[in-house]
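Raw my_file09.txt, compact mmCIF, C-alpha atoms and all ligand atoms:
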# COMPACT_ATOMS: atom_id res chain seq x y z
CA MET B 1 14.07 5.10 -6.70
CA LEU B 2 10.65 4.05 -8.05
CA GLN B 3 9.25 6.70 -10.37
CA GLY B 4 5.95 7.15 -12.15
CA ILE B 5 6.40 9.92 -14.70
CA ASN B 6 3.51 11.82 -16.34
CA ILE B 7 1.18 8.85 -16.16
CA HIS B 8 -2.07 8.97 -18.09
CA PHE B 9 -4.55 6.13 -18.09
CA CYS B 10 -7.85 5.87 -19.96
CA ILE B 11 -10.49 3.17 -20.22
CA SER B 12 -12.64 3.38 -23.38
CA GLU B 13 -11.37 6.93 -23.85
CA LYS B 14 -12.54 7.88 -20.33
CA PRO B 15 -9.59 9.37 -18.40
CA ILE B 16 -8.98 7.57 -15.10
CA LEU B 17 -5.55 9.08 -14.34
CA GLY B 18 -4.16 12.30 -15.81
CA GLU B 19 -0.62 13.67 -15.61
CA VAL B 20 0.32 11.76 -12.45
CA SER B 21 3.96 11.78 -11.33
CA VAL B 22 5.19 10.10 -8.15
CA LYS B 23 8.52 9.28 -6.54
CA LEU B 24 9.12 6.53 -4.03
CA LYS B 25 12.43 6.46 -2.22
CA PRO B 26 13.98 3.29 -0.82
CA GLY B 27 14.11 3.34 2.98
CA GLN B 28 10.83 5.27 3.20
CA PHE B 29 7.23 4.35 3.87
CA THR B 30 4.89 6.08 1.43
CA ALA B 31 1.10 5.97 1.83
CA ILE B 32 -1.38 6.68 -0.97
CA ILE B 33 -4.62 8.09 0.43
CA GLY B 34 -7.76 9.60 -1.07
CA PRO B 35 -11.51 9.14 -1.46
CA ASN B 36 -13.15 6.13 -3.13
CA GLY B 37 -12.71 6.14 -6.89
CA ALA B 38 -9.77 8.59 -6.75
CA GLY B 39 -7.57 6.29 -8.84
CA LYS B 40 -5.34 4.87 -6.07
CA SER B 41 -5.61 1.21 -7.13
CA THR B 42 -5.26 2.13 -10.80
CA LEU B 43 -2.04 4.04 -10.08
CA PHE B 44 -0.90 1.15 -7.88
CA LYS B 45 -1.44 -1.36 -10.73
CA ILE B 46 0.44 0.84 -13.17
CA LEU B 47 3.38 1.17 -10.76
CA THR B 48 3.48 -2.61 -10.22
CA GLY B 49 3.33 -3.26 -13.97
CA ASP B 50 -0.04 -5.07 -13.83
CA LEU B 51 -1.55 -2.32 -16.01
CA GLN B 52 0.16 -0.40 -18.79
CA CYS B 53 -0.32 3.34 -18.81
CA SER B 54 -1.70 5.02 -21.96
CA ARG B 55 1.11 7.61 -21.74
CA GLY B 56 4.04 8.13 -19.40
CA GLU B 57 6.49 5.68 -17.85
CA VAL B 58 7.40 3.74 -14.76
CA ARG B 59 11.05 3.31 -13.75
CA TYR B 60 12.59 1.08 -11.09
CA ASN B 61 16.08 2.22 -10.07
CA GLY B 62 16.31 4.30 -13.24
CA LEU B 63 15.35 1.52 -15.66
CA GLU B 64 11.98 1.43 -17.47
CA ILE B 65 9.73 -1.34 -16.17
CA GLU B 66 9.35 -2.85 -19.69
CA LYS B 67 13.11 -3.44 -19.84
CA TYR B 68 13.03 -5.86 -16.88
CA LYS B 69 12.54 -9.60 -17.45
CA SER B 70 9.80 -10.88 -15.13
CA GLN B 71 12.26 -12.76 -12.86
CA GLN B 72 14.47 -9.63 -12.59
CA LEU B 73 11.46 -7.47 -11.77
CA ALA B 74 10.42 -9.93 -9.05
CA ARG B 75 13.82 -9.37 -7.41
CA VAL B 76 13.29 -5.60 -7.37
CA ARG B 77 9.69 -5.38 -6.27
CA ALA B 78 7.08 -7.53 -4.50
CA VAL B 79 3.35 -6.87 -4.85
CA MET B 80 0.39 -7.62 -2.64
CA PRO B 81 -2.82 -6.83 -4.57
CA GLN B 82 -6.09 -5.93 -2.84
CA HIS B 83 -7.71 -9.33 -3.58
CA SER B 84 -6.03 -12.67 -4.17
CA VAL B 85 -8.33 -15.55 -5.10
CA LEU B 86 -6.87 -19.07 -5.28
CA SER B 87 -8.70 -21.78 -7.19
CA PHE B 88 -6.70 -24.64 -5.58
CA PRO B 89 -6.95 -25.71 -1.92
CA PHE B 90 -3.40 -24.55 -1.04
CA SER B 91 -2.33 -24.63 2.60
CA ALA B 92 -1.19 -21.35 4.19
CA TRP B 93 2.40 -22.68 4.09
CA GLU B 94 2.14 -23.42 0.35
CA VAL B 95 0.87 -19.90 -0.37
CA VAL B 96 3.76 -18.33 1.56
CA GLU B 97 6.19 -20.68 -0.17
CA LEU B 98 5.07 -19.24 -3.54
CA GLY B 99 7.00 -16.10 -2.54
CA ALA B 100 10.20 -18.17 -2.53
CA LEU B 101 9.73 -18.95 -6.25
CA ASN B 102 10.44 -15.29 -7.00
CA ALA B 103 13.16 -14.92 -4.37
CA PRO B 104 16.90 -15.52 -4.67
CA LYS B 105 17.88 -19.20 -4.28
CA GLU B 106 19.25 -18.85 -0.75
CA ILE B 107 15.79 -18.36 0.80
CA GLY B 108 15.20 -21.37 3.06
CA GLN B 109 12.43 -23.07 5.02
CA GLU B 110 13.72 -21.36 8.18
CA ASP B 111 13.20 -17.92 6.55
CA ILE B 112 9.62 -18.84 5.66
CA GLN B 113 9.05 -19.98 9.24
CA GLU B 114 10.59 -16.75 10.61
CA VAL B 115 8.27 -14.57 8.48
CA MET B 116 5.19 -16.65 9.39
CA GLU B 117 6.06 -16.43 13.08
CA LEU B 118 6.56 -12.66 12.88
CA LEU B 119 3.09 -12.34 11.35
CA GLN B 120 1.62 -14.76 13.93
CA ILE B 121 0.41 -17.26 11.33
CA TRP B 122 2.79 -20.17 11.97
CA HIS B 123 -0.01 -22.10 13.71
CA LEU B 124 -2.10 -21.78 10.51
CA LYS B 125 0.54 -23.38 8.26
CA ALA B 126 -1.44 -26.57 7.49
CA ARG B 127 -4.83 -24.87 7.15
CA ASN B 128 -6.62 -24.47 3.81
CA TYR B 129 -5.96 -20.88 2.74
CA ASN B 130 -9.44 -20.45 1.24
CA LEU B 131 -11.06 -21.27 4.59
CA LEU B 132 -9.08 -18.71 6.62
CA SER B 133 -10.63 -15.48 7.89
CA GLY B 134 -10.10 -12.23 5.95
CA GLY B 135 -7.43 -10.96 8.37
CA GLU B 136 -5.66 -14.35 8.40
CA ARG B 137 -5.62 -14.47 4.57
CA GLN B 138 -4.15 -10.96 4.44
CA ARG B 139 -1.31 -11.99 6.76
CA VAL B 140 -0.62 -15.09 4.65
CA GLN B 141 -0.44 -12.95 1.50
CA LEU B 142 1.78 -10.47 3.28
CA ALA B 143 4.08 -13.29 4.38
CA ARG B 144 4.27 -14.43 0.74
CA VAL B 145 5.53 -11.04 -0.47
CA LEU B 146 7.87 -10.59 2.49
CA VAL B 147 9.51 -13.94 1.73
CA GLN B 148 10.12 -12.68 -1.81
CA ILE B 149 12.26 -9.79 -0.54
CA TRP B 150 13.44 -11.15 2.81
CA LYS B 151 17.12 -11.67 1.96
CA LYS B 152 19.18 -8.48 1.92
CA GLN B 153 20.39 -7.28 -1.47
CA ALA B 154 22.89 -4.61 -2.53
CA PHE B 155 20.33 -2.73 -4.67
CA PRO B 156 17.19 -0.83 -3.57
CA ARG B 157 13.92 -2.80 -3.61
CA TYR B 158 10.24 -1.96 -3.24
CA LEU B 159 7.25 -3.51 -1.54
CA LEU B 160 3.87 -2.44 -2.96
CA LEU B 161 0.71 -3.18 -0.99
CA ASP B 162 -2.90 -2.34 -1.89
CA GLU B 163 -4.96 -2.03 1.33
CA PRO B 164 -2.87 -4.69 3.11
CA ILE B 165 -4.40 -4.32 6.59
CA SER B 166 -8.05 -3.54 5.78
CA SER B 167 -9.34 -6.79 7.36
CA MET B 168 -7.00 -6.88 10.36
CA ASP B 169 -7.84 -6.01 13.94
CA VAL B 170 -6.21 -2.97 15.50
CA SER B 171 -3.43 -4.85 17.28
CA LEU B 172 -2.42 -6.72 14.10
CA GLN B 173 -2.55 -3.50 12.09
CA HIS B 174 0.06 -2.00 14.40
CA LEU B 175 2.13 -5.19 14.36
CA VAL B 176 2.18 -5.20 10.54
CA LEU B 177 2.91 -1.48 10.14
CA ALA B 178 5.77 -1.69 12.65
CA LEU B 179 7.16 -4.66 10.74
CA LEU B 180 6.88 -2.77 7.44
CA ASN B 181 8.71 0.14 9.04
CA ASP B 182 11.57 -2.20 10.00
CA LEU B 183 11.97 -3.10 6.31
CA LYS B 184 13.19 0.44 5.67
CA ASN B 185 16.51 -0.57 7.25
CA ARG B 186 16.94 -3.12 4.46
CA ASN B 187 16.93 -0.38 1.82
CA ILE B 188 13.36 -1.28 0.85
CA GLY B 189 10.83 1.39 -0.10
CA VAL B 190 7.30 0.54 1.06
CA LEU B 191 4.25 1.87 -0.81
CA ALA B 192 0.82 1.16 0.65
CA VAL B 193 -2.70 2.25 -0.30
CA LEU B 194 -4.33 2.89 3.07
CA HIS B 195 -7.69 4.22 4.26
CA ASP B 196 -7.01 4.53 8.00
CA LEU B 197 -5.74 8.08 8.41
CA GLY B 198 -4.78 7.56 12.08
CA LEU B 199 -2.39 4.79 11.07
CA VAL B 200 -1.02 6.78 8.12
CA ALA B 201 -0.35 9.71 10.48
CA ASN B 202 1.78 7.56 12.77
CA TYR B 203 3.65 5.27 10.37
CA ALA B 204 4.12 6.94 6.96
CA ASP B 205 7.11 9.12 6.03
CA GLN B 206 5.63 10.34 2.74
CA VAL B 207 2.05 10.80 1.63
CA ILE B 208 0.50 10.90 -1.84
CA MET B 209 -2.98 12.47 -1.75
CA MET B 210 -5.13 11.51 -4.76
CA LYS B 211 -8.46 12.85 -5.93
CA ALA B 212 -10.38 12.51 -9.21
CA GLY B 213 -7.54 10.80 -11.05
CA GLY B 214 -4.88 13.34 -10.07
CA ILE B 215 -2.47 14.19 -7.26
CA GLU B 216 -3.72 16.85 -4.85
CA SER B 217 -0.48 16.97 -2.84
CA GLN B 218 2.50 14.77 -2.09
CA GLY B 219 5.52 15.05 0.13
CA ASP B 220 6.74 14.57 3.69
CA LEU B 221 3.94 13.65 6.07
CA LYS B 222 4.99 16.55 8.33
CA GLU B 223 4.45 19.00 5.49
CA VAL B 224 1.27 17.82 3.75
CA PHE B 225 -0.73 15.82 6.29
CA ASP B 226 -2.78 18.55 7.97
CA SER B 227 -6.45 19.30 8.65
CA LYS B 228 -6.74 21.74 5.76
CA ASN B 229 -5.39 19.35 3.10
CA LEU B 230 -7.38 16.40 4.44
CA GLU B 231 -10.65 18.36 4.57
CA LYS B 232 -10.09 19.44 0.98
CA LEU B 233 -9.21 15.90 -0.09
CA PHE B 234 -12.21 14.16 1.46
CA GLY B 235 -14.70 17.07 1.49
CA TYR B 236 -15.26 16.41 5.19
CA PRO B 237 -14.01 18.08 8.39
CA ILE B 238 -10.98 16.21 9.76
CA GLN B 239 -8.80 17.30 12.65
CA VAL B 240 -5.12 16.39 12.95
CA LYS B 241 -3.55 16.98 16.36
CA LYS B 242 -0.36 16.06 18.16
CA HIS B 243 -1.07 13.98 21.28
CA GLU B 244 -0.63 16.16 24.37
CA GLU B 245 1.86 13.76 25.96
CA GLY B 246 3.80 13.29 22.73
CA LEU B 247 2.25 9.88 22.04
CA GLY B 248 1.94 10.33 18.29
CA ILE B 249 -0.58 12.08 16.05
CA MET B 250 -4.36 11.87 16.46
CA VAL B 251 -6.76 12.13 13.53
CA HIS B 252 -10.38 12.85 14.31
CA SER B 253 -13.42 13.15 12.05
CA LEU B 254 -16.57 14.57 13.64
CA PRO B 255 -19.77 12.50 13.48
CA LEU B 256 -22.12 13.80 10.76
CA HIS B 257 -24.89 14.73 13.25
CA HIS B 258 -22.47 17.08 15.08
CA ILE B 259 -21.53 18.75 11.81
CA ASN B 260 -25.19 19.22 10.79
CA HIS B 261 -25.89 20.60 14.29
CA THR B 262 -23.00 23.11 14.03
CA ILE B 263 -24.19 24.23 10.58
CA LYS B 264 -27.77 24.72 11.87
CA GLN B 265 -26.51 26.74 14.86
CA ALA B 266 -24.50 28.97 12.56
CA GLN B 267 -27.57 29.66 10.33
N1 LIG U 1 -11.85 -1.64 -15.57
C1 LIG U 1 -12.49 -0.50 -15.35
N2 LIG U 1 -13.49 -0.10 -16.16
C2 LIG U 1 -14.14 1.08 -15.97
N3 LIG U 1 -13.85 1.94 -14.97
C3 LIG U 1 -12.87 1.59 -14.13
C4 LIG U 1 -12.13 0.37 -14.26
N4 LIG U 1 -11.22 0.32 -13.27
C5 LIG U 1 -11.37 1.43 -12.54
N5 LIG U 1 -12.36 2.19 -13.05
C6 LIG U 1 -12.81 3.48 -12.54
O1 LIG U 1 -11.66 4.28 -12.31
C7 LIG U 1 -11.85 5.07 -11.13
C8 LIG U 1 -10.68 4.82 -10.17
O2 LIG U 1 -10.76 3.49 -9.67
P1 LIG U 1 -9.73 2.96 -8.60
O3 LIG U 1 -10.11 1.53 -8.29
O4 LIG U 1 -8.37 3.22 -9.05
O5 LIG U 1 -10.08 3.90 -7.36
P2 LIG U 1 -9.57 3.83 -5.84
O6 LIG U 1 -9.08 5.19 -5.50
O7 LIG U 1 -8.63 2.70 -5.65
O8 LIG U 1 -10.94 3.57 -5.07
P3 LIG U 1 -11.29 2.78 -3.70
O9 LIG U 1 -10.82 3.65 -2.57
O10 LIG U 1 -12.79 2.72 -3.76
O11 LIG U 1 -10.64 1.43 -3.75
C9 LIG U 1 -13.21 4.69 -10.55
O12 LIG U 1 -14.15 5.65 -10.94
C10 LIG U 1 -13.49 3.35 -11.18
O13 LIG U 1 -14.88 3.16 -11.32

Rewritten as structure tokens:
Amino acid sequence: MLQGINIHFCISEKPILGEVSVKLKPGQFTAIIGPNGAGKSTLFKILTGDLQCSRGEVRYNGLEIEKYKSQQLARVRAVMPQHSVLSFPFSAWEVVELGALNAPKEIGQEDIQEVMELLQIWHLKARNYNLLSGGERQRVQLARVLVQIWKKQAFPRYLLLDEPISSMDVSLQHLVLALLNDLKNRNIGVLAVLHDLGLVANYADQVIMMKAGGIESQGDLKEVFDSKNLEKLFGYPIQVKKHEEGLGIMVHSLPLHHINHTIKQAQ
């Protein structure tokens, strides 16, 4: 299990996170959602080890993150940050290959090709990464972290992704989320910061709802992901409904002019 226990984080004595505790189980897809500035990326960076919390602790499979050597930690968790800037003109292939540096030795060229084909970026392999589109770059970065954890291991592992599909078109978003769901069978826990509530509703098992540096609710999607909690979280009317023909869950936010109209009618 990946645990964040009583995490506090301050910048120049200003609290950014206060008393945050989260649990991420292997074999589950957990989404972190919440309004802008809620502290999602800060929590994400603390869980990955990129930031140190002021108080509290992070544990991977029971062991404190500080006790792992960097190579050991790379075997237990792979991280895709929100932005990855490269100062060298690496090809897409070379960027994905970087994931193999942190992977067990048996990862081969055929594994890298398999991952790139699954993410539909094999044809981009020789292209300069910096000149790719936003959605193409995201898939290359995703391929890099998938390569890192591609080979099955006996112990639970974790894949942490900060807004991994924000630049992708709708068809690729579904392709990627379905692929991430398949990783659950490899005893991998997936944690993703996501803004698209419709996708969260249909792919996540667990949800962590964050607001103002704290956790509003967390738990099974079926239990916490409802209109009432989402309206409270975002301060905006949001409807969550089951599709009439059983084709998943639909999330709908009314356009602002309809809301203003309804308020005026009620006055
Ligand atoms: N280095 C920093 N210095 C000062 N304030 C910071 C710093 N990093 C984050 N913050 C503040 O901490 C709060 C949480 O930021 P964070 O990036 O974690 O939010 P978020 O939930 O990921 O937001 P978004 O949805 O907009 O990406 C924000 O108010 C932000 O301005």

Residue contacts of region 149-160 of chain B (8 Å, only C-alpha atoms) excluding same-chain residues fewer than 2 positions away, as a PDB file with C-alpha atoms, in the coordinates of the input:
ATOM      1  CA  MET B   1      14.070   5.100  -6.700  1.00  0.00           C
ATOM      2  CA  LEU B   2      10.650   4.050  -8.050  1.00  0.00           C
ATOM      3  CA  PRO B  26      13.980   3.290  -0.820  1.00  0.00           C
ATOM      4  CA  PHE B  44      -0.900   1.150  -7.880  1.00  0.00           C
ATOM      5  CA  THR B  48       3.480  -2.610 -10.220  1.00  0.00           C
ATOM      6  CA  ASN B  61      16.080   2.220 -10.070  1.00  0.00           C
ATOM      7  CA  ARG B  75      13.820  -9.370  -7.410  1.00  0.00           C
ATOM      8  CA  VAL B  76      13.290  -5.600  -7.370  1.00  0.00           C
ATOM      9  CA  ARG B  77       9.690  -5.380  -6.270  1.00  0.00           C
ATOM     10  CA  ALA B  78       7.080  -7.530  -4.500  1.00  0.00           C
ATOM     11  CA  VAL B  79       3.350  -6.870  -4.850  1.00  0.00           C
ATOM     12  CA  MET B  80       0.390  -7.620  -2.640  1.00  0.00           C
ATOM     13  CA  ALA B 103      13.160 -14.920  -4.370  1.00  0.00           C
ATOM     14  CA  PRO B 104      16.900 -15.520  -4.670  1.00  0.00           C
ATOM     15  CA  GLU B 106      19.250 -18.850  -0.750  1.00  0.00           C
ATOM     16  CA  ILE B 107      15.790 -18.360   0.800  1.00  0.00           C
ATOM     17  CA  ASP B 111      13.200 -17.920   6.550  1.00  0.00           C
ATOM     18  CA  VAL B 145       5.530 -11.040  -0.470  1.00  0.00           C
ATOM     19  CA  LEU B 146       7.870 -10.590   2.490  1.00  0.00           C
ATOM     20  CA  VAL B 147       9.510 -13.940   1.730  1.00  0.00           C
ATOM     21  CA  ASP B 162      -2.900  -2.340  -1.890  1.00  0.00           C
ATOM     22  CA  ARG B 186      16.940  -3.120   4.460  1.00  0.00           C
ATOM     23  CA  ASN B 187      16.930  -0.380   1.820  1.00  0.00           C
ATOM     24  CA  ILE B 188      13.360  -1.280   0.850  1.00  0.00           C
ATOM     25  CA  GLY B 189      10.830   1.390  -0.100  1.00  0.00           C
ATOM     26  CA  VAL B 190       7.300   0.540   1.060  1.00  0.00           C
ATOM     27  CA  LEU B 191       4.250   1.870  -0.810  1.00  0.00           C
ATOM     28  CA  ALA B 192       0.820   1.160   0.650  1.00  0.00           C
TER      29      ALA B 192
END

Let me know the centre plus edge lengths, in Å and rounded to one decimal, of a box with edges along x, y and z that contains all listed atoms of region 171-185 of chain B and is padded by 6 Å on every side, as AutoDock Vina command-line options.
--center_x 6.5 --center_y -3.1 --center_z 11.5 --size_x 31.9 --size_y 19.2 --size_z 23.6

Item to check | Residue contacts of Lys125 (chain B) (7 Å, only C-alpha atoms) excluding same-chain residues fewer than 4 positions away, as a PyMOL selection string | outcome: chain B and resi 91-93+121

Emit the selected residues as a PDB file, in the frame of the given file, including C-alpha atoms.
ATOM      1  CA  SER B  91      -2.330 -24.630   2.600  1.00  0.00           C
ATOM      2  CA  ALA B  92      -1.190 -21.350   4.190  1.00  0.00           C
ATOM      3  CA  TRP B  93       2.400 -22.680   4.090  1.00  0.00           C
ATOM      4  CA  ILE B 121       0.410 -17.260  11.330  1.00  0.00           C
TER       5      ILE B 121
END

Item to check | Contacts with ligand LIG 1 (chain U) at most 6 Å, only C-alpha atoms and all ligand atoms counted, listed as a PyMOL selection string | outcome: chain B and resi 11+16+35-42

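The shortest atom-to-atom distance to Ser87 (chain B), with only C-alpha atoms taken into account, belongs to B:Asn130 out of B:Leu118, B:Asn130, B:Leu142, B:His195.
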
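Closest to Tyr203 (chain B) among B:Glu66, B:Ala31, B:His258, B:Gln52 is B:Ala31, based on all atoms listed in the file.
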
Next on the checklist: What's the separation between CA of Val224 (chain B) and CA of Val207 (chain B), in Å to one decimal place?
Outcome noted: 7.4 Å

Checklist entry - How many Å separate CA of Ala126 (chain B) from CA of Glu94 (chain B)? => result 8.6 Å

Checklist entry - Do you know which residues are at most 9 Å from Ile65 (chain B) counting all atoms listed in the file, after dropping those on the same chain fewer than 5 positions away, and could you put them as a list in words? => result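 Using all atoms listed in the file, the neighbours found are Leu47, Thr48, Gly49, Glu57, Val58, Arg59, Tyr60 and Leu73 of chain B.
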
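The smallest atom-to-atom distance between Glu117 (chain B) and any of B:Arg139, B:Lys228, B:Lys23, B:Lys242, using all atoms listed in the file, is found for B:Arg139.
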
Checklist entry - Quick one: residues within 12 Å of Glu216 (chain B), all atoms listed in the file counted, chain neighbours fewer than 4 positions away excluded, as an NGL selection string? => result :B and (18-22 or 32-35 or 38-39 or 207-212 or 224-225 or 229-234)

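Within the 7 Å cut-off around Phe90 (chain B), using only C-alpha atoms and omitting residues fewer than 3 positions from it on the same chain, the listed residues are Glu94, Val95, Asn128 and Tyr129 of chain B.
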
Next on the checklist: Between CA of Val85 (chain B) and CA of Gln138 (chain B), what is the distance in Å, rounded to a tenth?
Outcome noted: 11.4 Å

Item to check | Proximity to Arg137 (chain B) - best of B:Leu247, B:Ile5, B:Leu175, B:Val96, all atoms listed in the file | outcome: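 Nearest to Arg137 (chain B): B:Val96.
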
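Nearest to Gly134 (chain B) of all the residues B:Gly248, B:Pro237, B:Gly56, B:Pro164 is B:Pro164, counting only C-alpha atoms.
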
Checklist entry - B:Leu86, B:Leu172, B:Ile249, B:Met116: which is nearest Leu131 (chain B), counting all atoms listed in the file? => result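 Of all the options, B:Leu86 lies closest to Leu131 (chain B).
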